Amino acid sequence: MTERVVGIGAGAKELATEDMILNIGPQHPSTHGVLRLRLTLDGERISTAEPIIGYMHRGAEKLFEVRDFRQIIMLANRHDWLSGFANELGVVIAAERMLGMEPPVRAVWARTLLAELNRVLSHLMFLGSYPLELGAITPVFYAFNERERIQAVMEEISGGRMHYMFNRVGGLKEELPYGWLDRVSEAVAETRRRVPAIEDLILHNEIFLARTRGVGVLDREKIMQYGVSGPIARASGVDFDLRRDDPYLAYHELPVKVVTRGTGDCHARFEVLLDQLKVSLDLADACVDRLRSLPPGPINQRLPKVLKVPEGHTYAWTENPLGINGYYLVSKGDKTPWRLKLRSASYSNIQVLREILPGHLVADMVAILGSMFFVVGDIDK
């Protein structure tokens with residue numbers, strides 16, 4: 001029998017506690033999918049954190065190698081299921097670059113518009129789901145109401161609600177429906193009018209502030225080490241956005257405002273996402289105005305029945321809603337890529353959890369995890 005004596009007073013020694021291993025996931029409502037976190041706890045405080053991935057791995061990069069450039073769009077569409085249109089862009093831009101193909105002007109502006117509408121949809125999902133993870137159920141109804149409004153115009157043009165399949169090498173699948181631009185303008189204006197309600201409901205709420213301010217601080221050095229990008233990086237003062245700094249599509253003609261914050265905590269990440277939503281609504285309006293001023297013309301290039309990309313390699317990257325999305329395409333002149341490597345935003349962003357979770361309480365883990373704004377399909381690609 002072992003006796004343990006507990007002393008009381010200034011001279012008493014603290015009891016030693018054993019570390020506990022806690023698994024969060026792989027099925028957990030706050031992990032945005034099948035992610036597992038292996039936490040080592042000292043009492044209620046996290047000592048170490050290890051993200052364990054691969055539960056949803058589908059081998060998309062190997063499947064790319066046995067699909068032609070029309071079929072690849074379907075696969076590339078799905079890794080970040082909130083950003084289907086944005087995912088497609090990298091593939092078609094890479095193929096067009098190697099073909100030396102210039103899509104029609106109308107296609108370029110329509111792609112830019114659809115990319116920003118897709119960004120609005122993605123941001124609204126996280127703006128609604130993040131407070132839900134912290135215990136506030138009302139904001140998700142506001143956010144989904146606005147999502148449904150934008151979804152309606154996206155569904156009208158493509159027939160899809162998540163997997164749009166509207167990009168093609170050389171342009172878009174088909175012409176914009178008659179009167180569609182008017183309906184986009186109405187949807188954008190109504191969403192802009194209602195965004196302040198979401199902001200007032202969440203951003204200055206006392207409980208939300210207490211759970212997010214000063215929690216999960218991510219510094220600039222760690223961002224550079226891990227290759228973190230998108231809203232998470234900009235919330236820590238990294239002033240980088242491909243739409244402005246390495247423009248593609250029609251972004252070089254648009255006034256892209258890059259939103260940043262300096263504190264790098266959960267609250268800053270949420271603020272950046274909210275402000276980026278407003279910027280995307282403004283960019284969508286600018287694209288609509290430009291499309292209205294363009295003369296009638298084609299929306300795509302005519303392609304051969306069998307499309308073969310010339311031998312060579314290229315890297316095409318885009319500013320997806322969650323961060324930098326890149327495709328490294330290597331071709332041997334066949335109708336399928338020899339290699340197509342995907343650099344997804346969530347994969348790099350989630351690795352930094354091992355740096356920011358230690359030292360926090362278990363209760364703060366959900367707040368930090370939710371503020372990383374990731375999709376597990378974008379990790380387990």
# chains A, B, ... in the order shown; residues from 1 in each chain; ligands from 1

call {"tool": "residues_around", "arguments": {"residues": "Trp317 of chain A", "least_positions_apart": "5", "cutoff": "10 Å", "atoms": "only C-alpha atoms", "output": "PyMOL selection string"}}
result
chain A and resi 89-91+93-94+242+246-248+324-328+342-344

call {"tool": "write_last_selection", "arguments": {"atoms": "N, CA and C atoms", "output": "PDB file, in the first residue's frame"}}
result
ATOM      1  N   LEU A  89     -10.672  26.284 -61.426  1.00  0.00           N
ATOM      2  CA  LEU A  89      -9.926  27.316 -62.141  1.00  0.00           C
ATOM      3  C   LEU A  89      -8.462  26.951 -62.353  1.00  0.00           C
ATOM      4  N   GLY A  90      -7.806  26.411 -61.305  1.00  0.00           N
ATOM      5  CA  GLY A  90      -6.387  26.111 -61.417  1.00  0.00           C
ATOM      6  C   GLY A  90      -6.080  25.133 -62.529  1.00  0.00           C
ATOM      7  N   VAL A  91      -6.937  24.126 -62.685  1.00  0.00           N
ATOM      8  CA  VAL A  91      -6.732  23.113 -63.728  1.00  0.00           C
ATOM      9  C   VAL A  91      -6.845  23.727 -65.111  1.00  0.00           C
ATOM     10  N   ILE A  93      -6.673  26.894 -66.022  1.00  0.00           N
ATOM     11  CA  ILE A  93      -5.649  27.915 -66.268  1.00  0.00           C
ATOM     12  C   ILE A  93      -4.318  27.256 -66.628  1.00  0.00           C
ATOM     13  N   ALA A  94      -3.966  26.166 -65.919  1.00  0.00           N
ATOM     14  CA  ALA A  94      -2.714  25.458 -66.216  1.00  0.00           C
ATOM     15  C   ALA A  94      -2.738  24.878 -67.629  1.00  0.00           C
ATOM     16  N   LEU A 242      -3.057  36.712 -53.885  1.00  0.00           N
ATOM     17  CA  LEU A 242      -2.698  36.487 -55.288  1.00  0.00           C
ATOM     18  C   LEU A 242      -3.529  37.329 -56.247  1.00  0.00           C
ATOM     19  N   ASP A 246      -0.275  38.629 -57.726  1.00  0.00           N
ATOM     20  CA  ASP A 246       0.050  37.877 -58.950  1.00  0.00           C
ATOM     21  C   ASP A 246      -1.270  37.619 -59.676  1.00  0.00           C
ATOM     22  N   PRO A 247      -1.863  38.697 -60.216  1.00  0.00           N
ATOM     23  CA  PRO A 247      -3.249  38.601 -60.698  1.00  0.00           C
ATOM     24  C   PRO A 247      -3.444  37.624 -61.848  1.00  0.00           C
ATOM     25  N   TYR A 248      -4.578  36.985 -61.838  1.00  0.00           N
ATOM     26  CA  TYR A 248      -5.021  36.076 -62.893  1.00  0.00           C
ATOM     27  C   TYR A 248      -6.445  36.481 -63.249  1.00  0.00           C
ATOM     28  N   ILE A 324      -4.098  29.696 -50.670  1.00  0.00           N
ATOM     29  CA  ILE A 324      -3.479  29.430 -51.970  1.00  0.00           C
ATOM     30  C   ILE A 324      -3.764  27.999 -52.409  1.00  0.00           C
ATOM     31  N   ASN A 325      -4.282  27.875 -53.629  1.00  0.00           N
ATOM     32  CA  ASN A 325      -4.553  26.574 -54.238  1.00  0.00           C
ATOM     33  C   ASN A 325      -3.709  26.490 -55.511  1.00  0.00           C
ATOM     34  N   GLY A 326      -2.859  25.475 -55.606  1.00  0.00           N
ATOM     35  CA  GLY A 326      -1.959  25.405 -56.759  1.00  0.00           C
ATOM     36  C   GLY A 326      -1.967  24.047 -57.423  1.00  0.00           C
ATOM     37  N   TYR A 327      -1.770  24.039 -58.750  1.00  0.00           N
ATOM     38  CA  TYR A 327      -1.659  22.801 -59.512  1.00  0.00           C
ATOM     39  C   TYR A 327      -0.342  22.821 -60.286  1.00  0.00           C
ATOM     40  N   TYR A 328       0.487  21.807 -60.056  1.00  0.00           N
ATOM     41  CA  TYR A 328       1.708  21.641 -60.833  1.00  0.00           C
ATOM     42  C   TYR A 328       1.439  20.571 -61.886  1.00  0.00           C
ATOM     43  N   LEU A 342      -1.391  18.655 -56.523  1.00  0.00           N
ATOM     44  CA  LEU A 342      -2.276  19.661 -55.940  1.00  0.00           C
ATOM     45  C   LEU A 342      -1.685  20.201 -54.645  1.00  0.00           C
ATOM     46  N   ARG A 343      -1.584  21.521 -54.561  1.00  0.00           N
ATOM     47  CA  ARG A 343      -1.193  22.188 -53.319  1.00  0.00           C
ATOM     48  C   ARG A 343      -2.447  22.842 -52.751  1.00  0.00           C
ATOM     49  N   SER A 344      -3.026  22.240 -51.722  1.00  0.00           N
ATOM     50  CA  SER A 344      -4.282  22.750 -51.186  1.00  0.00           C
ATOM     51  C   SER A 344      -4.037  23.620 -49.953  1.00  0.00           C
TER      52      SER A 344
END

call {"tool": "residues_around", "arguments": {"residues": "segment 299-314 of chain A", "least_positions_apart": "5", "cutoff": "6 Å", "atoms": "only C-alpha atoms", "output": "compact mmCIF listing (two decimals) with N, CA and C atoms, in the first residue's frame"}}
result
# COMPACT_ATOMS: atom_id res chain seq x y z
N PRO A 104 -11.95 33.73 -74.33
CA PRO A 104 -12.61 34.99 -74.70
C PRO A 104 -12.76 35.93 -73.50
N ARG A 106 -15.26 37.65 -72.49
CA ARG A 106 -16.49 37.42 -71.73
C ARG A 106 -16.30 36.27 -70.73
N ALA A 107 -15.58 35.24 -71.16
CA ALA A 107 -15.33 34.10 -70.28
C ALA A 107 -14.45 34.52 -69.10
N GLY A 170 -10.50 26.65 -72.10
CA GLY A 170 -10.87 27.58 -73.16
C GLY A 170 -12.04 28.48 -72.83
N GLY A 171 -12.62 28.34 -71.64
CA GLY A 171 -13.73 29.22 -71.30
C GLY A 171 -14.71 28.58 -70.32
N LEU A 172 -16.00 28.79 -70.59
CA LEU A 172 -17.05 28.25 -69.73
C LEU A 172 -17.94 27.31 -70.54
N GLU A 175 -23.22 29.91 -72.49
CA GLU A 175 -23.50 31.34 -72.33
C GLU A 175 -24.31 31.60 -71.05
N TYR A 328 0.49 21.81 -60.06
CA TYR A 328 1.71 21.64 -60.83
C TYR A 328 1.44 20.57 -61.89
N LEU A 329 1.36 20.99 -63.12
CA LEU A 329 0.98 20.11 -64.24
C LEU A 329 2.21 19.75 -65.05
N VAL A 330 2.43 18.43 -65.23
CA VAL A 330 3.49 17.93 -66.10
C VAL A 330 2.83 17.09 -67.19
N SER A 331 3.11 17.42 -68.44
CA SER A 331 2.49 16.73 -69.57
C SER A 331 3.56 16.12 -70.47
N LYS A 332 3.25 14.96 -71.04
CA LYS A 332 4.12 14.34 -72.05
C LYS A 332 3.46 14.37 -73.43
N GLY A 333 2.47 15.26 -73.57
CA GLY A 333 1.81 15.42 -74.86
C GLY A 333 0.63 14.51 -75.07
N ASP A 334 0.16 13.87 -73.99
CA ASP A 334 -0.99 12.96 -74.08
C ASP A 334 -2.28 13.68 -73.72
N LYS A 335 -3.37 12.94 -73.80
CA LYS A 335 -4.66 13.52 -73.43
C LYS A 335 -4.87 13.53 -71.92

call {"tool": "atom_distance", "arguments": {"atom1": "atom CA of Asp245 of chain A", "atom2": "atom CA of Ser185 of chain A"}}
result
27.3 Å

call {"tool": "atom_distance", "arguments": {"atom1": "atom CA of Gly135 of chain A", "atom2": "atom CA of Ile223 of chain A"}}
result
28.5 Å

call {"tool": "residues_around", "arguments": {"residues": "Cys266 of chain A", "least_positions_apart": "2", "cutoff": "6 Å", "atoms": "only C-alpha atoms", "output": "NGL selection string"}}
result
:A and (212 or 215-216 or 268-269 or 371)

call {"tool": "residues_around", "arguments": {"residues": "Arg58 of chain A", "least_positions_apart": "6", "cutoff": "10 Å", "atoms": "only C-alpha atoms", "output": "PDB file with N, CA and C atoms, in the first residue's frame"}}
result
ATOM      1  N   HIS A  79     -12.260  18.594 -53.855  1.00  0.00           N
ATOM      2  CA  HIS A  79     -11.449  18.471 -52.632  1.00  0.00           C
ATOM      3  C   HIS A  79     -11.867  19.488 -51.571  1.00  0.00           C
ATOM      4  N   GLY A 377     -11.659  17.543 -46.754  1.00  0.00           N
ATOM      5  CA  GLY A 377     -11.392  17.044 -48.105  1.00  0.00           C
ATOM      6  C   GLY A 377     -10.242  17.779 -48.764  1.00  0.00           C
ATOM      7  N   ASP A 380      -7.144  15.841 -46.942  1.00  0.00           N
ATOM      8  CA  ASP A 380      -7.020  14.453 -47.402  1.00  0.00           C
ATOM      9  C   ASP A 380      -7.354  14.340 -48.880  1.00  0.00           C
ATOM     10  N   LYS A 381      -6.577  15.011 -49.687  1.00  0.00           N
ATOM     11  CA  LYS A 381      -6.879  15.063 -51.109  1.00  0.00           C
ATOM     12  C   LYS A 381      -6.417  13.800 -51.831  1.00  0.00           C
TER      13      LYS A 381
END

call {"tool": "closest_residue", "arguments": {"among": "A:Leu274, A:Ile368, A:Ala95, A:Ile356", "to": "Arg168 of chain A", "atoms": "only C-alpha atoms"}}
result
A:Ala95

call {"tool": "closest_residue", "arguments": {"among": "A:Ile157, A:Met74, A:Pro196, A:Pro321", "to": "Gly179 of chain A", "atoms": "only C-alpha atoms"}}
result
A:Ile157

call {"tool": "closest_residue", "arguments": {"among": "A:Ile150, A:Val259, A:Leu99, A:Ala76", "to": "Glu61 of chain A", "atoms": "only C-alpha atoms"}}
result
A:Ala76

call {"tool": "closest_residue", "arguments": {"among": "A:Ala187, A:Val92, A:Leu132, A:Val140", "to": "Phe166 of chain A", "atoms": "only C-alpha atoms"}}
result
A:Val92

call {"tool": "residues_around", "arguments": {"residues": "Ile207 of chain A", "least_positions_apart": "5", "cutoff": "12 Å", "atoms": "only C-alpha atoms", "output": "list in words"}}
result
Pro131, Leu134, Gly135, Ala136, Leu201, Ile202, Thr212, Arg213, His267 and Ala367 of chain A
